[in-house]
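Shown here: run27.pdb, PDB, C-alpha atoms.
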ATOM      1  CA  MET A   1     142.262  27.270  29.428
ATOM      2  CA  LYS A   2     139.837  25.062  31.338
ATOM      3  CA  LYS A   3     138.739  27.998  33.498
ATOM      4  CA  LYS A   4     138.248  30.226  30.451
ATOM      5  CA  LEU A   5     136.062  27.607  28.785
ATOM      6  CA  ILE A   6     133.934  27.246  31.915
ATOM      7  CA  ALA A   7     133.527  31.023  32.147
ATOM      8  CA  LEU A   8     132.524  31.260  28.495
ATOM      9  CA  PHE A   9     130.036  28.438  28.939
ATOM     10  CA  SER A  10     128.508  30.221  31.934
ATOM     11  CA  LEU A  11     128.155  33.412  29.932
ATOM     12  CA  PHE A  12     126.514  31.418  27.142
ATOM     13  CA  LEU A  13     123.939  30.025  29.573
ATOM     14  CA  PHE A  14     123.095  33.516  30.838
ATOM     15  CA  SER A  15     122.740  34.829  27.278
ATOM     16  CA  CYS A  16     120.255  32.112  26.247
ATOM     17  CA  SER A  17     116.697  33.347  26.203
ATOM     18  CA  SER A  18     113.650  31.480  27.434
ATOM     19  CA  THR A  19     109.983  32.400  27.593
ATOM     20  CA  GLN A  20     107.569  31.042  30.165
ATOM     21  CA  LEU A  21     103.806  31.221  30.217
ATOM     22  CA  VAL A  22     102.829  33.040  33.409
ATOM     23  CA  THR A  23      99.060  32.758  33.067
ATOM     24  CA  SER A  24      96.461  32.190  30.356
ATOM     25  CA  TRP A  25      92.679  32.209  30.097
ATOM     26  CA  LYS A  26      90.125  31.078  27.521
ATOM     27  CA  ALA A  27      86.487  32.136  27.383
ATOM     28  CA  PRO A  28      84.233  29.188  28.320
ATOM     29  CA  ASP A  29      82.425  29.292  24.967
ATOM     30  CA  ALA A  30      85.522  29.873  22.799
ATOM     31  CA  THR A  31      86.109  27.132  20.207
ATOM     32  CA  VAL A  32      88.261  26.613  17.134
ATOM     33  CA  ARG A  33      86.548  28.609  14.409
ATOM     34  CA  LYS A  34      87.342  30.050  11.008
ATOM     35  CA  PHE A  35      88.315  33.724  10.955
ATOM     36  CA  ASN A  36      88.536  35.465   7.617
ATOM     37  CA  LYS A  37      90.924  38.243   8.594
ATOM     38  CA  ILE A  38      92.893  38.698  11.826
ATOM     39  CA  LEU A  39      94.836  41.822  12.699
ATOM     40  CA  VAL A  40      97.931  41.583  14.906
ATOM     41  CA  ALA A  41      98.554  44.863  16.748
ATOM     42  CA  GLY A  42     101.441  45.601  19.088
ATOM     43  CA  LEU A  43     100.369  48.217  21.624
ATOM     44  CA  MET A  44     103.817  49.686  22.248
ATOM     45  CA  GLY A  45     105.320  53.158  22.179
ATOM     46  CA  ALA A  46     107.910  54.654  19.858
ATOM     47  CA  LYS A  47     110.906  53.523  21.945
ATOM     48  CA  ASP A  48     109.767  49.905  21.553
ATOM     49  CA  ARG A  49     108.999  50.118  17.845
ATOM     50  CA  GLU A  50     111.557  47.482  16.905
ATOM     51  CA  LEU A  51     110.009  45.059  19.392
ATOM     52  CA  ARG A  52     106.545  45.812  18.042
ATOM     53  CA  GLU A  53     107.585  45.169  14.435
ATOM     54  CA  ASN A  54     109.271  41.884  15.325
ATOM     55  CA  VAL A  55     106.412  40.631  17.513
ATOM     56  CA  GLU A  56     103.799  41.450  14.877
ATOM     57  CA  ALA A  57     105.866  39.886  12.094
ATOM     58  CA  ALA A  58     106.520  36.701  14.098
ATOM     59  CA  MET A  59     102.868  36.332  15.064
ATOM     60  CA  VAL A  60     101.669  36.897  11.494
ATOM     61  CA  GLN A  61     104.165  34.366  10.150
ATOM     62  CA  ASN A  62     103.190  31.706  12.680
ATOM     63  CA  LEU A  63      99.456  32.216  12.224
ATOM     64  CA  LYS A  64      99.794  31.989   8.451
ATOM     65  CA  ALA A  65     101.702  28.741   8.929
ATOM     66  CA  LYS A  66      98.533  27.448  10.619
ATOM     67  CA  GLY A  67      96.413  28.520   7.648
ATOM     68  CA  ILE A  68      95.095  31.660   9.372
ATOM     69  CA  ASN A  69      94.908  34.915   7.398
ATOM     70  CA  ALA A  70      96.788  37.368   9.641
ATOM     71  CA  ILE A  71      97.969  40.915   8.913
ATOM     72  CA  SER A  72     100.360  43.218  10.757
ATOM     73  CA  ALA A  73      98.872  46.462  12.074
ATOM     74  CA  TYR A  74     102.227  48.198  11.724
ATOM     75  CA  THR A  75     102.498  47.516   8.004
ATOM     76  CA  THR A  76      98.801  48.249   7.431
ATOM     77  CA  TYR A  77      98.171  51.322   9.577
ATOM     78  CA  GLY A  78     101.627  52.667  10.427
ATOM     79  CA  PRO A  79     103.395  53.088  13.761
ATOM     80  CA  LYS A  80     100.981  55.435  15.549
ATOM     81  CA  ALA A  81      97.524  54.164  14.580
ATOM     82  CA  PHE A  82      96.725  52.628  17.976
ATOM     83  CA  GLU A  83      98.719  54.768  20.388
ATOM     84  CA  GLY A  84      96.682  55.785  23.413
ATOM     85  CA  LEU A  85      93.884  53.304  22.715
ATOM     86  CA  THR A  86      92.719  50.519  25.005
ATOM     87  CA  ASP A  87      92.406  46.948  23.725
ATOM     88  CA  LYS A  88      88.660  47.337  23.130
ATOM     89  CA  GLU A  89      89.024  50.737  21.466
ATOM     90  CA  ALA A  90      91.606  49.336  19.063
ATOM     91  CA  ALA A  91      89.373  46.352  18.294
ATOM     92  CA  LYS A  92      86.421  48.621  17.538
ATOM     93  CA  LYS A  93      88.503  50.745  15.167
ATOM     94  CA  ILE A  94      89.636  47.864  13.006
ATOM     95  CA  SER A  95      86.295  46.048  12.803
ATOM     96  CA  ALA A  96      85.190  48.600  10.198
ATOM     97  CA  ASP A  97      87.998  47.389   7.878
ATOM     98  CA  GLY A  98      86.689  43.855   7.580
ATOM     99  CA  PHE A  99      88.692  42.235  10.365
ATOM    100  CA  ASP A 100      86.715  39.668  12.324
ATOM    101  CA  GLY A 101      89.507  38.832  14.768
ATOM    102  CA  ALA A 102      92.297  40.796  16.455
ATOM    103  CA  PHE A 103      95.370  40.124  18.552
ATOM    104  CA  THR A 104      96.647  42.914  20.766
ATOM    105  CA  ILE A 105     100.116  42.477  22.270
ATOM    106  CA  ALA A 106     101.364  44.807  25.005
ATOM    107  CA  LEU A 107     104.663  45.162  26.843
ATOM    108  CA  LEU A 108     103.634  45.240  30.497
ATOM    109  CA  ASP A 109     107.059  45.382  32.102
ATOM    110  CA  ARG A 110     110.769  45.426  31.339
ATOM    111  CA  SER A 111     113.190  45.034  34.227
ATOM    112  CA  LYS A 112     116.886  44.436  34.741
ATOM    113  CA  GLU A 113     118.393  41.886  37.112
ATOM    114  CA  ARG A 114     122.006  41.614  38.246
ATOM    115  CA  ASN A 115     123.262  38.067  38.778
ATOM    116  CA  TYR A 116     126.481  37.024  40.486
ATOM    117  CA  THR A 117     128.436  33.947  39.475
ATOM    118  CA  PRO A 118     130.909  32.980  42.219
ATOM    119  CA  GLY A 119     134.519  32.134  41.446
ATOM    120  CA  SER A 120     135.423  28.502  40.965
ATOM    121  CA  VAL A 121     137.643  26.470  43.303
ATOM    122  CA  TYR A 122     139.662  23.620  41.856
ATOM    123  CA  TYR A 123     141.094  20.873  44.054
ATOM    124  CA  THR A 124     144.310  19.141  43.056
ATOM    125  CA  PRO A 125     146.145  16.195  44.667
ATOM    126  CA  TYR A 126     148.234  16.825  47.787
ATOM    127  CA  ALA A 127     151.475  16.196  45.912
ATOM    128  CA  THR A 128     150.678  18.945  43.435
ATOM    129  CA  TYR A 129     150.607  21.543  46.188
ATOM    130  CA  TYR A 130     153.799  20.617  47.952
ATOM    131  CA  SER A 131     156.056  18.678  45.578
ATOM    132  CA  ARG A 132     157.839  21.879  44.444
ATOM    133  CA  TYR A 133     157.771  25.322  46.037
ATOM    134  CA  TRP A 134     156.954  27.406  42.949
ATOM    135  CA  HIS A 135     154.454  24.882  41.653
ATOM    136  CA  HIS A 136     152.809  24.966  45.074
ATOM    137  CA  TYR A 137     152.857  28.805  45.098
ATOM    138  CA  PHE A 138     151.301  29.336  41.658
ATOM    139  CA  THR A 139     148.728  26.566  42.142
ATOM    140  CA  LEU A 140     147.408  28.213  45.286
ATOM    141  CA  TYR A 141     147.718  31.718  43.819
ATOM    142  CA  ASP A 142     145.680  30.704  40.785
ATOM    143  CA  ARG A 143     143.147  29.029  43.046
ATOM    144  CA  ILE A 144     142.688  32.201  45.066
ATOM    145  CA  TYR A 145     142.888  34.623  42.128
ATOM    146  CA  ASN A 146     139.804  33.340  40.302
ATOM    147  CA  PRO A 147     137.100  35.888  41.167
ATOM    148  CA  GLY A 148     133.424  35.670  40.364
ATOM    149  CA  TYR A 149     131.646  38.049  38.007
ATOM    150  CA  TYR A 150     128.340  39.839  37.531
ATOM    151  CA  THR A 151     125.994  39.619  34.570
ATOM    152  CA  THR A 152     122.977  41.818  33.905
ATOM    153  CA  SER A 153     119.847  40.361  32.346
ATOM    154  CA  THR A 154     116.765  42.113  30.965
ATOM    155  CA  ASN A 155     113.408  40.446  31.474
ATOM    156  CA  TYR A 156     110.156  41.195  29.657
ATOM    157  CA  ILE A 157     106.517  40.576  30.534
ATOM    158  CA  LEU A 158     104.190  40.576  27.532
ATOM    159  CA  GLU A 159     100.428  40.256  27.416
ATOM    160  CA  ALA A 160      98.384  39.036  24.454
ATOM    161  CA  ASN A 161      94.618  39.307  24.037
ATOM    162  CA  PHE A 162      92.581  37.765  21.246
ATOM    163  CA  PHE A 163      89.209  39.305  20.372
ATOM    164  CA  ASN A 164      86.375  37.886  18.325
ATOM    165  CA  LEU A 165      85.247  41.084  16.608
ATOM    166  CA  GLY A 166      82.033  39.467  15.415
ATOM    167  CA  ASN A 167      80.594  39.621  18.924
ATOM    168  CA  ASP A 168      83.180  42.037  20.355
ATOM    169  CA  GLU A 169      84.262  39.595  23.042
ATOM    170  CA  LEU A 170      87.590  38.549  24.471
ATOM    171  CA  GLU A 171      88.235  34.871  23.738
ATOM    172  CA  TYR A 172      91.792  34.400  24.980
ATOM    173  CA  SER A 173      94.305  36.220  27.168
ATOM    174  CA  ALA A 174      97.815  35.311  28.285
ATOM    175  CA  GLN A 175     100.901  36.749  29.937
ATOM    176  CA  THR A 176     104.458  35.557  29.387
ATOM    177  CA  LYS A 177     107.827  36.331  30.938
ATOM    178  CA  SER A 178     110.964  36.243  28.791
ATOM    179  CA  PHE A 179     114.338  35.978  30.493
ATOM    180  CA  ASP A 180     117.142  37.974  28.901
ATOM    181  CA  PRO A 181     116.462  37.474  25.172
ATOM    182  CA  SER A 182     119.451  38.046  22.921
ATOM    183  CA  SER A 183     117.447  40.360  20.642
ATOM    184  CA  THR A 184     113.911  41.628  20.038
ATOM    185  CA  LYS A 185     113.669  39.167  17.159
ATOM    186  CA  SER A 186     114.569  36.287  19.464
ATOM    187  CA  LEU A 187     112.070  37.547  22.043
ATOM    188  CA  ALA A 188     109.343  37.769  19.397
ATOM    189  CA  GLY A 189     110.001  34.241  18.177
ATOM    190  CA  ASP A 190     110.016  32.677  21.654
ATOM    191  CA  PHE A 191     106.929  34.631  22.726
ATOM    192  CA  THR A 192     104.941  33.688  19.622
ATOM    193  CA  LYS A 193     105.809  29.988  19.848
ATOM    194  CA  THR A 194     104.870  29.862  23.543
ATOM    195  CA  LEU A 195     101.588  31.653  22.888
ATOM    196  CA  ILE A 196     100.496  29.595  19.878
ATOM    197  CA  ASP A 197     101.398  26.302  21.589
ATOM    198  CA  ASP A 198      99.132  27.280  24.494
ATOM    199  CA  MET A 199      96.305  28.387  22.182
ATOM    200  CA  ILE A 200      96.419  25.047  20.352
ATOM    201  CA  LYS A 201      96.444  23.202  23.692
ATOM    202  CA  LYS A 202      93.416  25.162  24.899
ATOM    203  CA  GLY A 203      91.521  24.727  21.640
ATOM    204  CA  VAL A 204      91.492  28.366  20.561
ATOM    205  CA  ILE A 205      93.151  27.708  17.200
ATOM    206  CA  GLY A 206      93.655  24.493  15.241
ATOM    207  CA  ASN A 207      96.930  22.626  14.992
TER     208      ASN A 207
END

Show me this structure written as structure tokens.
Amino acid sequence: MKKKLIALFSLFLFSCSSTQLVTSWKAPDATVRKFNKILVAGLMGAKDRELRENVEAAMVQNLKAKGINAISAYTTYGPKAFEGLTDKEAAKKISADGFDGAFTIALLDRSKERNYTPGSVYYTPYATYYSRYWHHYFTLYDRIYNPGYYTTSTNYILEANFFNLGNDELEYSAQTKSFDPSSTKSLAGDFTKTLIDDMIKKGVIGN
């Protein structure tokens, strides 16, 4: 039972997701300012539509919680409005609709890693091994027959860019790496929190 609990705990640790900020940049003249209407656009293809919806929804929700008027591009323009466009091309397209700020979020990389967890070895007192033959036999057999196992994790690298559409300039850019999220919703939540925390720290948006 003890070994089963340890194995389950190890699997739980591997299944937990975490997002790290890889790099971030703020324009030297960027300050906390009032934007009337910010569009959040996930620049992702059809196969990553679920991720796009969740990332846009999480970002909109968190920005609104900070008092910022944010709108999802997916719900406003549909799934294919920005396919094939660069960040600047997408920003130019939406400026005509009254948006004065825009987030673009792109999936730069998705990779799989295989991790090995070695088998555990348990040491028992000398008397346990040799006090009785069969007890000694099964103790050692169980000690030997406790193999390790492999787990496969999926890691994501996302990039976010924030544009001030009033002067058509990039004010903030960041890349994050997420380690084996349990779902696209979990990934979106972790990514958004990491990003907004960094933007507040750098003075791009208010707390």

- prompt: In Å, how far is it from CA of Ala27 (chain A) to CA of Met199 (chain A)?
  reply: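 According to the coordinates, CA of Ala27 (chain A) and CA of Met199 (chain A) are separated by 11.7 Å.
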
query: Within 7 Å of Lys185 (chain A), counting all atoms listed in the file, which residues qualify if same-chain residues fewer than 3 places away don't, as a PyMOL selection string?
result: chain A and resi 54+188-189

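We find CA of Lys201 (chain A) and CA of Thr154 (chain A) to be spaced 28.7 Å apart.
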
- request: In Å, rounded to a single decimal, give me how far CA of Gln20 (chain A) is from CA of Ser186 (chain A).
  value: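 That distance, rounded to one decimal, is 13.8 Å.
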
query: What do you get, as a list in words, if you spell out every residue that the PyMOL selection byres ((chain A and resi 39) around 9) selects here?
result: Lys37, Ile38, Val40, Ala41, Val60, Asn69, Ala70, Ile71, Ser72, Ala73, Ile94, Phe99, Asp100, Gly101, Ala102, Phe103 and Thr104 of chain A

message: For a quick check of your reading of the model, name the residues lying within 12 Å of the coordinate (80.6, 43.4, 15.5), counting all atoms listed in the file, and write them as a PyMOL selection string.
response: chain A and resi 88+91-101+163-169

message: As a check of understanding, name the residues that the PyMOL selection byres ((chain A and resi 28) around 12) selects in the supplied structure, as a PyMOL selection string.
response: chain A and resi 25-27+29-31+169-172+202-204

- request: Please tell me which residues are no farther than 9 Å from (99.6, 30.0, 14.7) in the file, counting only C-alpha atoms, and write them as a PyMOL selection string.
  value: chain A and resi 59-68+192-193+195-197+199-200+205-207

Quick one: what's the axis-aligned box for region 42-57 of chain A, all listed atoms, 8 Å on every side, centre and edges in Å to one decimal, as AutoDock Vina command-line options?
--center_x 106.0 --center_y 47.3 --center_z 17.2 --size_x 27.2 --size_y 30.8 --size_z 26.2

query: With only C-alpha atoms as the atoms that count, which of A:Arg110, A:Arg49, A:Ile157, A:Val55 lies nearest to Glu83 (chain A)?
result: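 Answer, going by the shortest atom-to-atom distance: A:Arg49.
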